[in-house]
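Q: So here's query-v3.cif (mmCIF, C-alpha atoms).
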```
data_entry
#
loop_
_atom_site.label_atom_id
_atom_site.label_comp_id
_atom_site.auth_asym_id
_atom_site.auth_seq_id
_atom_site.Cartn_x
_atom_site.Cartn_y
_atom_site.Cartn_z
CA MET A 1 1.10 -13.28 -8.25
CA PHE A 2 3.60 -15.21 -6.09
CA HIS A 3 6.45 -12.95 -7.19
CA ASP A 4 4.42 -9.93 -6.09
CA ALA A 5 3.51 -11.68 -2.83
CA ALA A 6 7.18 -12.37 -2.08
CA LEU A 7 8.05 -8.76 -2.86
CA VAL A 8 5.37 -7.35 -0.54
CA ALA A 9 6.09 -9.86 2.25
CA GLY A 10 9.81 -9.08 2.04
CA LYS A 11 9.12 -5.36 2.22
CA ASP A 12 6.72 -5.66 5.17
CA LEU A 13 9.12 -7.88 7.11
CA ARG A 14 12.01 -5.51 6.36
CA VAL A 15 9.92 -2.60 7.69
CA GLU A 16 9.26 -4.61 10.88
CA LEU A 17 12.90 -5.60 11.27
CA ARG A 18 13.98 -1.98 10.99
CA SER A 19 11.21 -0.49 13.14
CA LYS A 20 11.26 -3.38 15.68
CA VAL A 21 7.63 -2.63 16.62
CA THR A 22 6.75 -6.32 16.93
CA LEU A 23 9.88 -7.15 18.89
CA GLN A 24 9.93 -4.17 21.21
CA GLN A 25 6.22 -3.46 21.66
CA VAL A 26 3.93 -6.32 20.62
CA ALA A 27 6.01 -9.16 22.14
CA PRO A 28 6.33 -7.41 25.55
CA PHE A 29 2.59 -6.68 25.38
CA ALA A 30 1.94 -10.41 24.84
CA VAL A 31 4.11 -11.39 27.81
CA LEU A 32 2.48 -8.69 29.92
CA MET A 33 -0.92 -10.15 29.10
CA LEU A 34 0.19 -13.60 30.29
CA ILE A 35 1.42 -12.07 33.55
CA LEU A 36 -1.82 -10.12 34.05
CA PHE A 37 -3.93 -13.21 33.37
CA GLY A 38 -1.84 -15.00 36.00
CA VAL A 39 -2.38 -12.23 38.52
CA ALA A 40 -6.10 -11.94 37.77
CA LEU A 41 -6.79 -15.67 37.98
CA ASP A 42 -4.91 -16.15 41.21
CA PRO A 43 -1.53 -17.87 41.32
CA ASP A 44 -3.41 -21.11 41.85
CA ARG A 45 -1.79 -23.13 39.11
CA GLY A 46 -4.73 -25.43 38.69
CA VAL A 47 -6.99 -22.69 37.34
CA LEU A 48 -4.28 -21.26 35.11
CA ARG A 49 -3.38 -24.66 33.73
CA ARG A 50 -7.02 -25.42 32.84
CA ALA A 51 -7.53 -22.02 31.24
CA SER A 52 -4.14 -21.79 29.54
CA SER A 53 -5.42 -22.75 26.05
CA GLY A 54 -8.04 -20.02 26.01
CA LEU A 55 -5.73 -17.45 27.55
CA PHE A 56 -3.04 -18.27 24.98
CA TRP A 57 -5.40 -17.71 22.05
CA VAL A 58 -6.98 -14.58 23.53
CA ALA A 59 -3.45 -13.17 23.84
CA VAL A 60 -2.67 -14.21 20.24
CA LEU A 61 -5.88 -12.56 19.06
CA PHE A 62 -5.00 -9.22 20.67
CA CYS A 63 -1.46 -9.41 19.29
CA ALA A 64 -2.89 -10.19 15.85
CA LEU A 65 -5.02 -7.03 16.03
CA LEU A 66 -1.90 -4.97 16.72
CA ALA A 67 0.06 -6.66 13.92
CA ILE A 68 -2.79 -6.13 11.44
CA GLN A 69 -3.24 -2.47 12.43
CA ARG A 70 0.47 -1.96 12.01
CA ALA A 71 0.52 -3.68 8.58
CA PHE A 72 -1.99 -1.16 7.25
CA THR A 73 -0.73 1.87 9.13
CA ILE A 74 2.52 1.71 7.17
CA GLU A 75 0.48 1.79 3.96
CA SER A 76 -1.80 4.63 5.08
CA ALA A 77 1.02 6.99 5.98
CA ASP A 78 2.36 9.39 3.37
CA GLY A 79 0.25 8.28 0.42
CA GLY A 80 1.41 4.67 0.59
CA ARG A 81 -2.03 3.38 -0.26
CA ASP A 82 -2.14 5.27 -3.57
CA ALA A 83 1.43 4.23 -4.27
CA LEU A 84 0.45 0.61 -3.71
CA ARG A 85 -2.51 0.96 -6.08
CA LEU A 86 -0.25 2.57 -8.66
CA SER A 87 2.51 0.03 -8.26
CA GLY A 88 1.00 -2.34 -10.79
CA LEU A 89 1.33 -5.20 -8.28
CA ASP A 90 -1.29 -7.93 -8.51
CA PRO A 91 -3.82 -7.23 -5.71
CA ALA A 92 -3.97 -10.94 -4.92
CA GLY A 93 -0.18 -10.87 -4.58
CA ILE A 94 -0.39 -7.87 -2.25
CA PHE A 95 -2.96 -9.74 -0.14
CA LEU A 96 -0.87 -12.90 0.07
CA GLY A 97 2.29 -10.93 0.79
CA LYS A 98 0.78 -8.88 3.58
CA ALA A 99 -0.93 -11.94 5.08
CA ALA A 100 2.35 -13.89 4.93
CA ALA A 101 4.24 -11.10 6.71
CA ILE A 102 1.58 -10.95 9.44
CA ALA A 103 1.66 -14.76 9.75
CA VAL A 104 5.45 -14.78 10.21
CA GLN A 105 5.18 -12.19 12.99
CA LEU A 106 2.34 -14.12 14.65
CA ILE A 107 4.32 -17.37 14.57
CA GLY A 108 7.15 -15.57 16.38
CA LEU A 109 4.73 -14.20 18.95
CA GLU A 110 3.09 -17.62 19.42
CA ILE A 111 6.49 -19.16 20.18
CA VAL A 112 7.07 -16.50 22.85
CA LEU A 113 3.57 -16.98 24.27
CA ALA A 114 3.82 -20.79 24.21
CA ALA A 115 7.09 -20.61 26.14
CA GLY A 116 5.43 -18.21 28.57
CA VAL A 117 2.40 -20.48 29.10
CA ILE A 118 4.58 -23.54 29.69
CA VAL A 119 6.93 -21.74 32.09
CA MET A 120 4.49 -19.45 33.94
CA TYR A 121 1.34 -21.59 33.99
CA GLY A 122 3.11 -24.96 34.35
CA THR A 123 1.26 -26.39 31.36
CA GLU A 124 2.27 -29.81 30.06
CA VAL A 125 2.36 -30.56 26.33
CA THR A 126 1.09 -34.01 25.35
CA GLY A 127 0.62 -33.53 21.59
CA TRP A 128 3.37 -31.57 19.87
CA PRO A 129 2.23 -32.39 16.28
CA LEU A 130 -1.31 -31.23 17.08
CA LEU A 131 0.06 -28.12 18.77
CA ALA A 132 2.18 -27.23 15.73
CA ALA A 133 -0.59 -27.98 13.22
CA THR A 134 -3.11 -25.92 15.21
CA CYS A 135 -0.73 -22.97 15.39
CA ALA A 136 -0.05 -23.15 11.65
CA ALA A 137 -3.72 -23.40 10.61
CA ALA A 138 -4.98 -20.81 13.08
CA THR A 139 -2.19 -18.39 12.17
CA VAL A 140 -2.98 -18.60 8.46
CA GLY A 141 -6.66 -18.03 9.22
CA LEU A 142 -5.96 -15.07 11.50
CA ALA A 143 -3.57 -13.48 9.03
CA ALA A 144 -5.85 -13.99 6.02
CA ALA A 145 -9.03 -12.73 7.70
CA GLY A 146 -7.09 -9.92 9.35
CA THR A 147 -5.60 -8.76 6.07
CA LEU A 148 -8.99 -8.81 4.38
CA TYR A 149 -10.69 -6.79 7.12
CA GLY A 150 -7.59 -4.65 7.56
CA VAL A 151 -7.80 -3.30 4.02
CA LEU A 152 -11.54 -2.78 4.45
CA ALA A 153 -10.98 -0.56 7.49
CA ALA A 154 -7.74 1.03 6.29
CA GLY A 155 -9.39 3.72 4.20
CA LEU A 156 -11.54 4.96 7.07
CA ARG A 157 -10.69 7.66 9.61
CA VAL A 158 -11.99 5.49 12.46
CA ARG A 159 -9.99 2.43 11.44
CA GLU A 160 -8.20 1.96 14.80
CA THR A 161 -11.46 1.46 16.68
CA LEU A 162 -13.45 -0.10 13.85
CA LEU A 163 -11.07 -2.94 13.04
CA PRO A 164 -11.46 -4.81 16.36
CA ILE A 165 -15.25 -4.48 16.18
CA LEU A 166 -15.29 -5.91 12.66
CA LEU A 167 -12.64 -8.53 13.14
CA LEU A 168 -13.14 -10.09 16.56
CA PRO A 169 -16.58 -11.62 15.79
CA VAL A 170 -15.20 -13.00 12.52
CA LEU A 171 -12.26 -14.57 14.33
CA SER A 172 -14.38 -16.25 17.01
CA PRO A 173 -14.38 -19.63 15.15
CA VAL A 174 -10.58 -19.52 15.26
CA LEU A 175 -10.63 -18.77 18.98
CA ILE A 176 -13.03 -21.66 19.65
CA GLY A 177 -11.36 -24.19 17.35
CA ALA A 178 -7.81 -23.35 18.37
CA THR A 179 -8.68 -23.38 22.08
CA LYS A 180 -10.36 -26.79 21.79
CA ALA A 181 -7.45 -28.22 19.80
CA PHE A 182 -4.96 -26.78 22.29
CA GLU A 183 -6.86 -28.25 25.23
CA ALA A 184 -6.39 -31.64 23.59
CA ALA A 185 -2.70 -30.97 22.93
CA LEU A 186 -2.00 -29.56 26.40
CA GLY A 187 -2.64 -32.37 28.81
CA GLY A 188 -5.69 -33.85 27.04
CA ALA A 189 -6.12 -36.58 24.43
CA PRO A 190 -4.55 -35.32 21.16
CA ALA A 191 -6.92 -37.41 19.03
CA ASP A 192 -9.82 -35.24 20.21
CA GLY A 193 -8.14 -32.12 18.87
CA TRP A 194 -7.66 -33.07 15.23
CA PRO A 195 -11.27 -32.40 14.12
CA TRP A 196 -10.92 -28.87 15.56
CA CYS A 197 -7.67 -28.50 13.68
CA GLY A 198 -9.52 -29.52 10.52
CA LEU A 199 -12.04 -26.77 11.17
CA LEU A 200 -9.19 -24.27 11.41
CA VAL A 201 -7.79 -25.48 8.08
CA ILE A 202 -11.18 -24.95 6.42
CA PHE A 203 -11.46 -21.46 7.92
CA ALA A 204 -7.95 -20.62 6.71
CA LEU A 205 -8.62 -21.89 3.18
CA LEU A 206 -11.89 -19.95 2.97
CA TYR A 207 -10.30 -16.68 4.00
CA VAL A 208 -7.24 -17.14 1.78
CA ALA A 209 -9.60 -17.71 -1.16
CA ALA A 210 -11.88 -14.80 -0.20
CA GLY A 211 -8.94 -12.48 0.31
CA THR A 212 -7.32 -13.40 -2.97
CA LEU A 213 -10.55 -12.53 -4.81
CA ALA A 214 -11.78 -9.56 -2.79
CA PHE A 215 -8.61 -7.69 -1.80
CA GLY A 216 -8.31 -5.85 -5.14
CA PRO A 217 -11.84 -4.35 -5.15
CA LEU A 218 -11.51 -3.49 -1.45
CA LEU A 219 -8.17 -1.75 -2.02
CA GLU A 220 -9.77 0.27 -4.80
CA GLU A 221 -13.03 1.16 -3.17
CA SER A 222 -12.46 1.46 0.58
CA MET B 223 -1.16 8.57 -34.27
CA GLU B 224 -3.28 7.58 -31.27
CA PRO B 225 -2.99 10.15 -28.47
CA VAL B 226 -1.40 9.03 -25.21
CA VAL B 227 -4.15 10.81 -23.30
CA HIS B 228 -7.58 11.31 -24.84
CA LEU B 229 -10.33 12.84 -22.71
CA ARG B 230 -13.68 14.08 -23.98
CA GLY B 231 -16.17 15.53 -21.55
CA ALA B 232 -14.60 13.51 -18.74
CA VAL B 233 -16.48 13.90 -15.48
CA THR B 234 -15.23 12.68 -12.10
CA LEU B 235 -17.32 12.89 -8.97
CA LEU B 236 -15.75 13.02 -5.52
CA GLY B 237 -18.75 12.02 -3.47
CA ARG B 238 -21.49 14.13 -5.12
CA PHE B 239 -19.13 16.96 -6.02
CA PRO B 240 -17.97 17.09 -9.67
CA ALA B 241 -14.20 17.53 -9.19
CA LEU B 242 -13.89 17.35 -12.97
CA ALA B 243 -16.93 18.66 -14.80
CA GLY B 244 -16.19 17.82 -18.42
CA ILE B 245 -12.52 17.94 -19.32
CA ASP B 246 -11.29 17.74 -22.91
CA LEU B 247 -7.64 16.88 -23.39
CA ASP B 248 -5.45 15.28 -26.03
CA VAL B 249 -1.80 14.63 -25.40
CA THR B 250 0.36 13.08 -28.09
CA ALA B 251 3.46 10.97 -27.52
CA GLY B 252 6.57 12.92 -26.56
CA GLU B 253 4.71 16.03 -25.46
CA ILE B 254 5.17 17.96 -22.23
CA VAL B 255 1.85 19.48 -21.20
CA LEU B 256 1.57 21.91 -18.31
CA LEU B 257 -1.69 22.14 -16.38
CA ARG B 258 -2.35 25.63 -15.05
CA GLY B 259 -5.07 26.86 -12.80
CA PRO B 260 -5.84 28.18 -9.33
CA ASN B 261 -5.92 25.97 -6.24
CA GLY B 262 -8.89 23.63 -6.37
CA ALA B 263 -9.22 23.95 -10.14
CA GLY B 264 -8.94 20.19 -10.63
CA LYS B 265 -5.29 19.76 -11.69
CA THR B 266 -4.51 17.06 -9.15
CA THR B 267 -7.82 15.33 -9.86
CA LEU B 268 -7.04 15.32 -13.57
CA LEU B 269 -3.59 13.81 -12.97
CA ARG B 270 -5.07 11.18 -10.65
CA LEU B 271 -7.73 10.40 -13.24
CA CYS B 272 -5.04 9.90 -15.90
CA ALA B 273 -3.21 7.54 -13.51
CA GLY B 274 -6.35 5.41 -13.22
CA LEU B 275 -6.76 6.28 -9.54
CA LEU B 276 -10.16 7.91 -9.90
CA PRO B 277 -13.25 6.64 -11.69
CA VAL B 278 -14.59 8.34 -14.79
CA THR B 279 -18.27 8.96 -14.10
CA ARG B 280 -19.16 10.23 -17.55
CA GLY B 281 -17.49 10.98 -20.87
CA GLN B 282 -14.62 9.33 -22.70
CA ALA B 283 -11.21 8.71 -21.16
CA GLN B 284 -8.39 6.74 -22.72
CA VAL B 285 -4.82 6.70 -21.50
CA LEU B 286 -2.08 4.74 -23.29
CA GLY B 287 -4.84 3.08 -25.30
CA GLN B 288 -6.67 1.82 -22.19
CA ASP B 289 -10.28 2.78 -21.60
CA LEU B 290 -10.43 4.23 -18.09
CA THR B 291 -14.19 3.79 -17.85
CA ASP B 292 -13.41 0.07 -17.39
CA ARG B 293 -11.83 -0.10 -13.91
CA ARG B 294 -10.09 -3.41 -14.61
CA LEU B 295 -8.32 -1.90 -17.62
CA ALA B 296 -7.48 1.17 -15.51
CA ARG B 297 -5.59 -1.13 -13.12
CA SER B 298 -3.57 -2.71 -15.92
CA LEU B 299 -2.51 0.77 -17.06
CA ARG B 300 -0.79 1.67 -13.82
CA ARG B 301 2.43 -0.27 -14.37
CA ARG B 302 3.07 1.97 -17.41
CA VAL B 303 2.41 5.24 -15.61
CA GLY B 304 4.63 7.14 -13.19
CA TYR B 305 2.76 9.42 -10.79
CA LEU B 306 4.45 11.90 -8.49
CA GLY B 307 1.82 13.24 -6.11
CA HIS B 308 1.87 15.56 -3.12
CA ALA B 309 2.51 12.64 -0.76
CA ALA B 310 5.86 10.92 -1.00
CA GLY B 311 4.56 7.33 -0.99
CA LEU B 312 7.69 6.18 0.85
CA TYR B 313 8.22 3.85 3.81
CA ASP B 314 9.88 5.82 6.61
CA ASP B 315 11.57 2.78 8.18
CA LEU B 316 13.27 1.70 4.96
CA THR B 317 16.30 3.27 3.35
CA VAL B 318 16.05 5.34 0.20
CA ALA B 319 17.57 2.46 -1.81
CA ASP B 320 15.10 -0.04 -0.30
CA ASN B 321 12.18 2.19 -1.28
CA VAL B 322 13.35 2.79 -4.82
CA ARG B 323 14.19 -0.90 -5.22
CA PHE B 324 10.73 -1.94 -3.99
CA TRP B 325 8.74 0.39 -6.26
CA GLY B 326 11.08 -0.32 -9.18
CA ARG B 327 10.79 -4.09 -8.80
CA ALA B 328 7.00 -3.76 -8.45
CA ALA B 329 6.98 -2.35 -12.00
CA GLY B 330 9.40 -5.02 -13.20
CA ALA B 331 12.45 -2.74 -13.38
CA PRO B 332 15.85 -4.47 -13.37
CA PRO B 333 18.36 -3.60 -10.58
CA SER B 334 20.42 -1.55 -13.04
CA ASP B 335 17.46 0.83 -13.57
CA VAL B 336 17.09 1.24 -9.81
CA ASP B 337 20.78 2.13 -9.42
CA ALA B 338 20.58 4.49 -12.38
CA ALA B 339 17.51 6.20 -10.88
CA LEU B 340 19.32 6.78 -7.59
CA VAL B 341 22.28 8.31 -9.42
CA ALA B 342 20.04 10.41 -11.68
CA CYS B 343 18.23 11.87 -8.67
CA GLY B 344 21.42 12.62 -6.76
CA LEU B 345 20.75 9.94 -4.16
CA SER B 346 23.68 7.60 -4.67
CA GLY B 347 26.30 6.77 -2.03
CA ARG B 348 25.65 7.36 1.67
CA LEU B 349 22.32 9.10 1.06
CA SER B 350 20.88 5.96 -0.55
CA GLN B 351 21.46 4.05 2.72
CA GLN B 352 19.77 6.68 4.86
CA HIS B 353 16.34 5.96 6.34
CA VAL B 354 13.59 7.99 4.71
CA ALA B 355 12.43 9.23 8.13
CA SER B 356 15.72 11.10 8.51
CA LEU B 357 15.54 12.89 5.15
CA SER B 358 14.75 16.55 4.59
CA ALA B 359 11.60 17.47 2.65
CA GLY B 360 13.64 18.10 -0.49
CA GLN B 361 15.48 14.80 -0.19
CA ARG B 362 12.17 12.99 0.26
CA ARG B 363 10.91 14.63 -2.91
CA ARG B 364 14.02 13.43 -4.75
CA ALA B 365 13.48 9.92 -3.39
CA SER B 366 9.87 9.95 -4.64
CA LEU B 367 11.09 11.14 -8.00
CA ALA B 368 13.67 8.32 -8.06
CA CYS B 369 10.85 5.81 -7.55
CA VAL B 370 9.14 7.22 -10.65
CA VAL B 371 12.38 7.28 -12.67
CA ALA B 372 13.20 3.65 -11.74
CA ARG B 373 9.87 2.50 -13.18
CA ARG B 374 10.72 4.00 -16.60
CA PRO B 375 7.07 4.94 -17.23
CA GLU B 376 5.66 5.72 -20.63
CA LEU B 377 3.54 8.51 -19.17
CA TRP B 378 4.83 10.78 -16.39
CA LEU B 379 2.17 12.50 -14.31
CA LEU B 380 3.86 15.06 -12.10
CA ASP B 381 1.88 17.03 -9.55
CA GLU B 382 3.95 20.08 -8.63
CA PRO B 383 7.27 18.31 -9.08
CA HIS B 384 9.26 21.45 -8.19
CA ALA B 385 7.58 21.87 -4.80
CA GLY B 386 9.91 21.62 -1.80
CA LEU B 387 13.07 21.49 -3.91
CA ASP B 388 16.01 23.87 -3.91
CA HIS B 389 17.33 25.45 -7.11
CA ASP B 390 19.49 22.41 -7.97
CA GLY B 391 16.59 20.10 -7.27
CA ARG B 392 14.29 22.06 -9.57
CA ASP B 393 16.95 21.93 -12.29
CA LEU B 394 17.20 18.20 -11.72
CA VAL B 395 13.44 17.78 -12.27
CA ASP B 396 13.67 19.72 -15.53
CA ASP B 397 16.61 17.58 -16.71
CA LEU B 398 14.78 14.36 -15.85
CA VAL B 399 11.64 15.49 -17.66
CA LEU B 400 13.59 16.46 -20.77
CA ARG B 401 15.55 13.20 -20.69
CA ALA B 402 12.36 11.18 -20.31
CA VAL B 403 10.79 12.91 -23.30
CA THR B 404 13.96 12.34 -25.34
CA GLU B 405 13.62 8.63 -24.53
CA GLY B 406 10.02 8.62 -25.81
CA ALA B 407 7.98 9.29 -22.69
CA THR B 408 5.12 11.77 -22.42
CA VAL B 409 4.74 14.21 -19.52
CA VAL B 410 1.69 15.91 -18.04
CA MET B 411 2.52 18.14 -15.09
CA SER B 412 1.14 20.86 -12.88
CA SER B 413 3.34 23.46 -11.28
CA HIS B 414 3.12 26.81 -9.55
CA GLU B 415 6.71 27.53 -10.71
CA LEU B 416 5.17 29.00 -13.84
CA ASP B 417 8.20 30.57 -15.51
CA ARG B 418 10.21 27.41 -15.16
CA ALA B 419 7.38 25.04 -16.08
CA GLU B 420 6.19 27.05 -19.06
CA SER B 421 9.68 27.17 -20.54
CA LEU B 422 9.81 23.39 -20.17
CA ALA B 423 6.33 22.60 -21.52
CA HIS B 424 5.36 22.34 -25.16
CA ARG B 425 1.95 23.73 -24.34
CA THR B 426 -0.25 24.77 -21.48
CA LEU B 427 -3.77 23.73 -20.57
CA HIS B 428 -5.78 26.02 -18.30
CA ILE B 429 -8.21 24.45 -15.89
CA ALA B 430 -10.77 26.27 -13.78
CA GLY B 431 -13.69 24.91 -11.81
CA GLY B 432 -12.98 21.36 -12.90
CA THR B 433 -13.20 22.09 -16.58
CA THR B 434 -11.06 23.29 -19.45
CA ASP B 435 -10.82 27.06 -19.44
CA ARG B 436 -10.97 27.65 -23.17
CA ALA B 437 -10.85 31.43 -23.00
CA ALA B 438 -7.56 31.36 -21.14
CA GLU B 439 -6.10 28.71 -23.44
CA GLY B 440 -6.28 31.00 -26.42
CA VAL B 441 -4.18 33.58 -24.60
CA ALA B 442 -1.56 31.31 -23.16
CA SER B 443 -1.06 28.72 -25.84
CA THR B 444 -1.24 28.79 -29.58
CA GLU B 445 -1.39 25.03 -29.92
CA VAL B 446 -4.03 24.07 -27.43
CA SER B 447 -6.97 25.64 -29.25
CA ALA B 448 -6.33 23.29 -32.18
CA LEU B 449 -6.63 20.30 -29.90
CA VAL B 450 -9.83 21.21 -28.11
CA PRO B 451 -12.94 20.82 -30.26
#
```
What do you get writing this file as C-alpha cells?
A:
Amino acid sequence: MFHDAALVAGKDLRVELRSKVTLQQVAPFAVLMLILFGVALDPDRGVLRRASSGLFWVAVLFCALLAIQRAFTIESADGGRDALRLSGLDPAGIFLGKAAAIAVQLIGLEIVLAAGVIVMYGTEVTGWPLLAATCAAATVGLAAAGTLYGVLAAGLRVRETLLPILLLPVLSPVLIGATKAFEAALGGAPADGWPWCGLLVIFALLYVAAGTLAFGPLLEES
Amino acid sequence: MEPVVHLRGAVTLLGRFPALAGIDLDVTAGEIVLLRGPNGAGKTTLLRLCAGLLPVTRGQAQVLGQDLTDRRLARSLRRRVGYLGHAAGLYDDLTVADNVRFWGRAAGAPPSDVDAALVACGLSGRLSQQHVASLSAGQRRRASLACVVARRPELWLLDEPHAGLDHDGRDLVDDLVLRAVTEGATVVMSSHELDRAESLAHRTLHIAGGTTDRAAEGVASTEVSALVP
C-alpha cells in the first residue's frame, strides 16, 4: 500500500512540477485573495489583524478546492480513470498518494499565505509550535477529506460545481478549529489553541481512515 | 486446460440497457481471438468486461481463473491484464518515459521491462523524453501500447489497436501481438482493419446486438462453432 502511495504521490507531484499549475495559478490566486481581503476590510490594520486567522483559512480552503479539482482532472482526462482502475494499484495506496500530493501543495501554499498575512496584515506570531502543528493537522484533514470527496465527484459531468457544494460543509470543522487555533497562535495565548489542534488531529485521522476504506469502492462505482 | 477467458451467457447492463445480452466465449492460452461486428455491437464492452472494468449482471464469467461476478476478485485480476482502449490513458504533462515507467511500476515491472517496452514500440531516444501533449495521435497510440507492453500482461485486450497508426505502426502492433503470444500471452482484440487482423488471429468471433452472432461464426471461422455450445 505504501509503495503504491509513494508511486502515485510521486507521479502527481511530477505532473504539478511540469505543469506548474499550483505555482503559476493557485499561488497567485492565494496572494490575490489576501490583497482583496485587505482592500475589502479597509486598510485599517486592526480589523485585518483580528480577522487574519479566519481569512488565512478561508484562502487555504479555496486553494484546496482548486488543488483537489486539479488532482482529479488529470485522472479524468484521456481515460486516466480507467487506466488507474486497471493499474492494479491498491486503492488505499492511490488514496494516500493523491492525498499526500495535495497536502504537499497545500503546505507550500500555506507558507506563501502565512508570509503574506504576516507582511500585509502585520500579524504577530506568538506560538510557532502551535502554528506548525495546526497547519500540519488541518492540511492532512483537508487533503484526506478532499481526496475522498474528489473521487466521489470525479465521475460526474457536473463535478466542477458539485465538489465545492459537497466539500465545503464537510470542511467547516477544519475552518473553525484551525481558525481558533491560529487565533491563539497569532497574538493570543497558545495554550488555548491546543485543544482545537487536537480536534483537527481527530478530524484528520477520521478522514484518513475513511478514505483508506472507501476510496476503492468510490473509484469503482462513481 | 482451463480457458483464459470463459464466458457463458454473460450479461452486462449499462444503466438499464443490456450492452452484452448473453455472450458465450472461450479463449485458451496462447490464442489470438478477433472480435468482429458493427459499431455498437458490444466489442468494446466485451473487452472491458474481460478486463474487470464492468460488472457481470448475469451469467458466468471467469478470466485468468478469477470469477468476475465477485468484484473484489475482478480487481485482483487487473494487474495481470493489459488493456488498450480508445483513450490513451496517458498524462499529458509527463514525458513518454515517465508515463510508461509509472504504469509499468504500478504492475510491478522492473526498469529493464520499461526500457524494453519503449524500444519495442519505437519510442526510445529523444521521443521518450518528449511530453505526451506534444505527440501526434499515432505516437500517443504507440505510447499507450508501450504501457501495455511494459506490464507484460498474461492477457492482452486490444480495442482497435491499429487505429490511428501508419503502416509501420500497424506492422509494429502485429509484431508485438505475435511476440506476446510466443511468450505465452493470450490476445483478444477488435479491429476494423479486417484483412490485417484476420490474418493475425487464430479465429474470429462475431458479435451483434450484444450477443454472439452464431450464424456469422459458422461462415467466418471453422473453429469457433466447436467452442460455442
Q: Check what the PyMOL selection byres ((chain A) within 9 of (chain B)) selects in the file above and give those residues as a PyMOL selection string.
A: chain A and resi 4+7-8+11+14-16+18-19+74-75+77-89+220
Q: Just the selected residues (C-alpha atoms), exported as a compact mmCIF listing (two decimals), in the frame of the given file, please.
A:
```
# COMPACT_ATOMS: atom_id res chain seq x y z
CA ASP A 4 4.42 -9.93 -6.09
CA LEU A 7 8.05 -8.76 -2.86
CA VAL A 8 5.37 -7.35 -0.54
CA LYS A 11 9.12 -5.36 2.22
CA ARG A 14 12.01 -5.51 6.36
CA VAL A 15 9.92 -2.60 7.69
CA GLU A 16 9.26 -4.61 10.88
CA ARG A 18 13.98 -1.98 10.99
CA SER A 19 11.21 -0.49 13.14
CA ILE A 74 2.52 1.71 7.17
CA GLU A 75 0.48 1.79 3.96
CA ALA A 77 1.02 6.99 5.98
CA ASP A 78 2.36 9.39 3.37
CA GLY A 79 0.25 8.28 0.42
CA GLY A 80 1.41 4.67 0.59
CA ARG A 81 -2.03 3.38 -0.26
CA ASP A 82 -2.14 5.27 -3.57
CA ALA A 83 1.43 4.23 -4.27
CA LEU A 84 0.45 0.61 -3.71
CA ARG A 85 -2.51 0.96 -6.08
CA LEU A 86 -0.25 2.57 -8.66
CA SER A 87 2.51 0.03 -8.26
CA GLY A 88 1.00 -2.34 -10.79
CA LEU A 89 1.33 -5.20 -8.28
CA GLU A 220 -9.77 0.27 -4.80
```
Q: Could you build a table of the residues in region 87-113 of chain A lying no more than 10 Å from region 185-208 of chain A, giving for each the nearest pair of atoms and their separation in Å rounded to one decimal place, using all atoms listed in the file, ordered by chain and ascending residue number, as a tab-separated table?
A:
```
residue	atom	partner	partner_atom	distance
A:Ala92	CA	A:Val208	CA	9.7
A:Phe95	CA	A:Val208	CA	8.8
A:Leu96	CA	A:Val208	CA	7.8
A:Ala99	CA	A:Val208	CA	8.8
```
Q: Under the PyMOL selection byres ((chain A and resi 36-39) around 10), which residues of this model are included? Write them out as a ChimeraX atom specification.
A: /A:30-35,40-45,47-48,51-52,55-56,59,117,120-121
Q: Might you spell out which residues the PyMOL selection byres ((chain B and resi 384-401) around 9) would select in the displayed file, as a PyMOL selection string?
A: chain B and resi 254+308+342-344+359-361+363-364+367+371+378+381-383+402-409+413-415+418-419+422
Q: Can you measure CA of Leu162 (chain A) to CA of Tyr149 (chain A) for me? One decimal in Å is fine.
A: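 CA of Tyr149 (chain A) lies at a distance of 9.9 Å from CA of Leu162 (chain A).
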Q: Just give me the gap between CA of Ile68 (chain A) and CA of Gln24 (chain A) in Å, one decimal is fine.
A: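 Between CA of Ile68 (chain A) and CA of Gln24 (chain A) the gap is 16.2 Å.
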Q: Tell me, in Å to one decimal, how far CA of Gly108 (chain A) is from CA of Leu23 (chain A).
A: 9.2 Å
Q: Could you give me, as a list in words, the residues within 12 Å of Arg70 (chain A), counting all atoms listed in the file and dropping anything in the same chain fewer than 6 positions from it?
A: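 Selected residues are Asp12, Leu13, Val15, Glu16, Ser19, Lys20, Val21, Thr22, Gln25, Val26, Cys63, Ala64, Ser76, Ala77, Lys98, Ala101, Ile102, Gln105, Gly146, Thr147, Gly150, Val151, Ala154, Arg159, Glu160 and Leu163 of chain A.
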